[in-house]
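Here is the structure we will look at, set down as structure tokens.
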Amino acid sequence: GDSVTQMEGPVTLSEEAFLTINCTYTATGYPSLFWYVQYPGEGLQLLLKATKADDKGSNKGFEATYRKETTSFHLEKGSVQVSDSAVYFCALSGSNDYKLSFGAGTTVTVRA
Amino acid sequence: DGGITQSPKYLFRKEGQNVTLSCEQNLNHDAMYWYRQDPGQGLRLIYYSQIVNDFQKGDIAEGYSVSREKKESFPLTVTSAQKNPTAFYLCASSITSYNSPLHFGNGTRLTVT
């Protein structure tokens with residue numbers, strides 16, 4: 001079935017550092033891809049999404065490009081802030097499905 | 001403001017008791033979902049419903065039950081048959097479109113002792 005694999009954390013960075021979180025997927029057809037963010041004690045919020053190959057999703061300085069040739073959707077941010085400390089989840093929905101499959105999550109801590 | 005409300009935020013129960021978690025949405029979404037979150041395991045789908053009076057099992061439905069009598073409500077019952085019920089439970093909703101994202105509530109942390 002469809003699945004998502006993302007890099008394990010935790011990841012600790014200094015403020016203004018570059019962040020990359022790797023995400024690869026396995027799916028039939030043409031899935032939609034998502035990144036969600038979860039702040040402590042809260043639910044998940046959609047960060048960005050891409051629905052077809054070569055689409056780039058972006059939001060709040062974060063970007064991810066849907067790469068079908070490498071089945072990847074890596075999350076990047078050029079200069080992180082302390083407020084970016086959170087758990088980040090990669091997810092996909094299959095081309096014939098509404099529900100999402102999630103990766104294990106990557107905990108990011110940004111230090112001042 | 002539209003959104004998803006889960007209550008209560010924290011819930012404590014004794015082993016052997018059934019417990020029901022509430023989830024209400026006013027987003028007019030047809031689909032609703034229950035996920036379980038455990039440290040290091042991401043989110044796992046328990047049950048989902050795409051329309052009133054219909055629901056399907058997810059990947060880890062054993063020991064759980066749901067109902068969908070109203071579009072706005074999708075309560076989850078954790079029964080005594082669930083072997084490891086202590087977890088963070090997240091409810092979500094979406095429109096029934098293949099590209100649509102899920103909207104999540106703030107979760108209920110259930111502790112069973």
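We name chains A, B, ... following the order of the structure tokens; residues begin at 1 in each chain, and ligands are numbered from 1 as shown.
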
Would you pick out the contacts of region 89-102 of chain A at 9 Å or less, using only C-alpha atoms, so that residues sharing its chain but fewer than 4 positions from it are not included, and give the list as a ChimeraX atom specification?
/A:2-6,22-25,27-38,44,73-75,106 /B:31,33,42-45,48,50,94-102

I need the residues in chain B that are strand (DSSP E or B) according to DSSP; give them as an NGL selection string.
:B and (4-7 or 10-13 or 19-25 or 31-37 or 43-51 or 54-57 or 64-66 or 70 or 73 or 76-78 or 87-94 or 103-104 or 108-112)

Restricting to only C-alpha atoms, whichever of A:Ala104, A:Ala112, A:Lys49, A:Glu63 is closest to chain B is A:Ala104

Might you pull out every residue within 9 Å of Pro40 (chain A), with only C-alpha atoms counted and same-chain residues fewer than 2 positions away left off, and present them as a PyMOL selection string?
chain A and resi 38+42-43+86-87

For Gly78 (chain A), list every protein, DNA or RNA residue within 10 Å, evaluated using only C-alpha atoms, and leave out those in the same chain fewer than 6 positions away; present the list as a PyMOL selection string.
chain A and resi 16-20+61-63

Restricting the output to N, CA, C and O atoms, write the selected residues as an mmCIF file, in the first residue's frame.
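out23.cif, written as the output of this step:
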data_model
loop_
_atom_site.group_PDB
_atom_site.id
_atom_site.type_symbol
_atom_site.label_atom_id
_atom_site.label_comp_id
_atom_site.auth_asym_id
_atom_site.auth_seq_id
_atom_site.Cartn_x
_atom_site.Cartn_y
_atom_site.Cartn_z
ATOM 1 N N GLU A 16 18.671 30.744 12.232
ATOM 2 C CA GLU A 16 19.157 31.182 10.920
ATOM 3 C C GLU A 16 19.857 30.063 10.140
ATOM 4 O O GLU A 16 20.349 30.308 9.026
ATOM 5 N N ALA A 17 19.903 28.880 10.661
ATOM 6 C CA ALA A 17 20.480 27.745 9.923
ATOM 7 C C ALA A 17 19.504 27.269 8.856
ATOM 8 O O ALA A 17 18.312 27.598 8.863
ATOM 9 N N PHE A 18 20.041 26.458 7.923
ATOM 10 C CA PHE A 18 19.239 25.873 6.846
ATOM 11 C C PHE A 18 18.669 24.539 7.320
ATOM 12 O O PHE A 18 19.369 23.715 7.886
ATOM 13 N N LEU A 19 17.395 24.341 7.031
ATOM 14 C CA LEU A 19 16.725 23.105 7.451
ATOM 15 C C LEU A 19 16.306 22.295 6.234
ATOM 16 O O LEU A 19 15.707 22.839 5.295
ATOM 17 N N THR A 20 16.612 21.009 6.264
ATOM 18 C CA THR A 20 16.083 20.062 5.290
ATOM 19 C C THR A 20 15.559 18.851 6.025
ATOM 20 O O THR A 20 16.257 18.306 6.889
ATOM 21 N N GLY A 61 7.963 30.546 4.413
ATOM 22 C CA GLY A 61 9.385 30.375 4.161
ATOM 23 C C GLY A 61 9.790 28.934 3.909
ATOM 24 O O GLY A 61 10.934 28.667 3.549
ATOM 25 N N PHE A 62 8.864 27.988 4.096
ATOM 26 C CA PHE A 62 9.132 26.585 3.820
ATOM 27 C C PHE A 62 8.781 26.282 2.355
ATOM 28 O O PHE A 62 7.852 26.851 1.802
ATOM 29 N N GLU A 63 9.538 25.340 1.775
ATOM 30 C CA GLU A 63 9.266 24.907 0.409
ATOM 31 C C GLU A 63 9.467 23.404 0.294
ATOM 32 O O GLU A 63 10.276 22.821 1.021
#

Excluding Thr108 (chain B) and any residue of its chain fewer than 6 positions from it, enumerate the residues within 9 Å of it, using only C-alpha atoms, and give them as a VMD selection string.
chain B and resid 6 to 11 21 to 22 87 to 91

Quick one: write out the picked residues with N, CA, C and O atoms as a PDB file, in the first residue's frame?
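Dumped everything to selection-v4.pdb:
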ATOM      1  N   GLN B   6     -12.387  19.070  19.845  1.00  0.00           N
ATOM      2  CA  GLN B   6     -12.266  17.787  20.530  1.00  0.00           C
ATOM      3  C   GLN B   6     -12.340  18.043  22.031  1.00  0.00           C
ATOM      4  O   GLN B   6     -11.709  18.969  22.545  1.00  0.00           O
ATOM      5  N   SER B   7     -13.081  17.199  22.686  1.00  0.00           N
ATOM      6  CA  SER B   7     -13.166  17.347  24.145  1.00  0.00           C
ATOM      7  C   SER B   7     -13.265  15.988  24.808  1.00  0.00           C
ATOM      8  O   SER B   7     -13.793  15.036  24.219  1.00  0.00           O
ATOM      9  N   PRO B   8     -12.739  15.877  26.048  1.00  0.00           N
ATOM     10  CA  PRO B   8     -11.921  16.886  26.720  1.00  0.00           C
ATOM     11  C   PRO B   8     -10.486  16.867  26.201  1.00  0.00           C
ATOM     12  O   PRO B   8     -10.123  16.001  25.398  1.00  0.00           O
ATOM     13  N   LYS B   9      -9.656  17.771  26.667  1.00  0.00           N
ATOM     14  CA  LYS B   9      -8.259  17.795  26.233  1.00  0.00           C
ATOM     15  C   LYS B   9      -7.477  16.672  26.920  1.00  0.00           C
ATOM     16  O   LYS B   9      -6.574  16.081  26.333  1.00  0.00           O
ATOM     17  N   TYR B  10      -7.790  16.420  28.175  1.00  0.00           N
ATOM     18  CA  TYR B  10      -7.148  15.340  28.925  1.00  0.00           C
ATOM     19  C   TYR B  10      -8.242  14.444  29.513  1.00  0.00           C
ATOM     20  O   TYR B  10      -9.260  14.937  29.996  1.00  0.00           O
ATOM     21  N   LEU B  11      -8.007  13.151  29.467  1.00  0.00           N
ATOM     22  CA  LEU B  11      -8.991  12.184  29.961  1.00  0.00           C
ATOM     23  C   LEU B  11      -8.266  11.055  30.665  1.00  0.00           C
ATOM     24  O   LEU B  11      -7.290  10.516  30.133  1.00  0.00           O
ATOM     25  N   LEU B  21     -14.599   9.630  23.240  1.00  0.00           N
ATOM     26  CA  LEU B  21     -13.979  10.909  22.915  1.00  0.00           C
ATOM     27  C   LEU B  21     -14.869  11.647  21.929  1.00  0.00           C
ATOM     28  O   LEU B  21     -15.325  11.070  20.930  1.00  0.00           O
ATOM     29  N   SER B  22     -15.049  12.932  22.185  1.00  0.00           N
ATOM     30  CA  SER B  22     -15.951  13.723  21.369  1.00  0.00           C
ATOM     31  C   SER B  22     -15.197  14.441  20.253  1.00  0.00           C
ATOM     32  O   SER B  22     -14.061  14.885  20.437  1.00  0.00           O
ATOM     33  N   ALA B  87      -2.791   7.107  24.740  1.00  0.00           N
ATOM     34  CA  ALA B  87      -2.261   7.726  23.529  1.00  0.00           C
ATOM     35  C   ALA B  87      -2.876   9.106  23.361  1.00  0.00           C
ATOM     36  O   ALA B  87      -3.751   9.522  24.124  1.00  0.00           O
ATOM     37  N   PHE B  88      -2.411   9.789  22.325  1.00  0.00           N
ATOM     38  CA  PHE B  88      -2.974  11.081  21.915  1.00  0.00           C
ATOM     39  C   PHE B  88      -3.870  10.811  20.714  1.00  0.00           C
ATOM     40  O   PHE B  88      -3.423  10.238  19.722  1.00  0.00           O
ATOM     41  N   TYR B  89      -5.130  11.223  20.809  1.00  0.00           N
ATOM     42  CA  TYR B  89      -6.101  10.924  19.760  1.00  0.00           C
ATOM     43  C   TYR B  89      -6.464  12.207  19.013  1.00  0.00           C
ATOM     44  O   TYR B  89      -6.831  13.211  19.623  1.00  0.00           O
ATOM     45  N   LEU B  90      -6.383  12.140  17.711  1.00  0.00           N
ATOM     46  CA  LEU B  90      -6.650  13.302  16.852  1.00  0.00           C
ATOM     47  C   LEU B  90      -7.814  13.024  15.929  1.00  0.00           C
ATOM     48  O   LEU B  90      -7.856  11.997  15.254  1.00  0.00           O
ATOM     49  N   CYS B  91      -8.727  13.970  15.885  1.00  0.00           N
ATOM     50  CA  CYS B  91      -9.858  13.913  14.969  1.00  0.00           C
ATOM     51  C   CYS B  91      -9.590  14.889  13.830  1.00  0.00           C
ATOM     52  O   CYS B  91      -8.966  15.945  14.041  1.00  0.00           O
TER      53      CYS B  91
END

Just give me the gap between CA of Asp54 (chain B) and CA of Arg68 (chain B) in Å, one decimal is fine.
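Between CA of Asp54 (chain B) and CA of Arg68 (chain B) the gap works out to 6.7 Å.
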
Proximity to chain B - best of A:Thr51, A:Thr26, A:Thr71, A:Ser83, only C-alpha atoms:
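For chain B, the nearest of the given residues is A:Thr51.
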
State, in Å with one decimal place, the distance from CA of Val78 (chain B) to CA of Gly105 (chain A).
24.4 Å
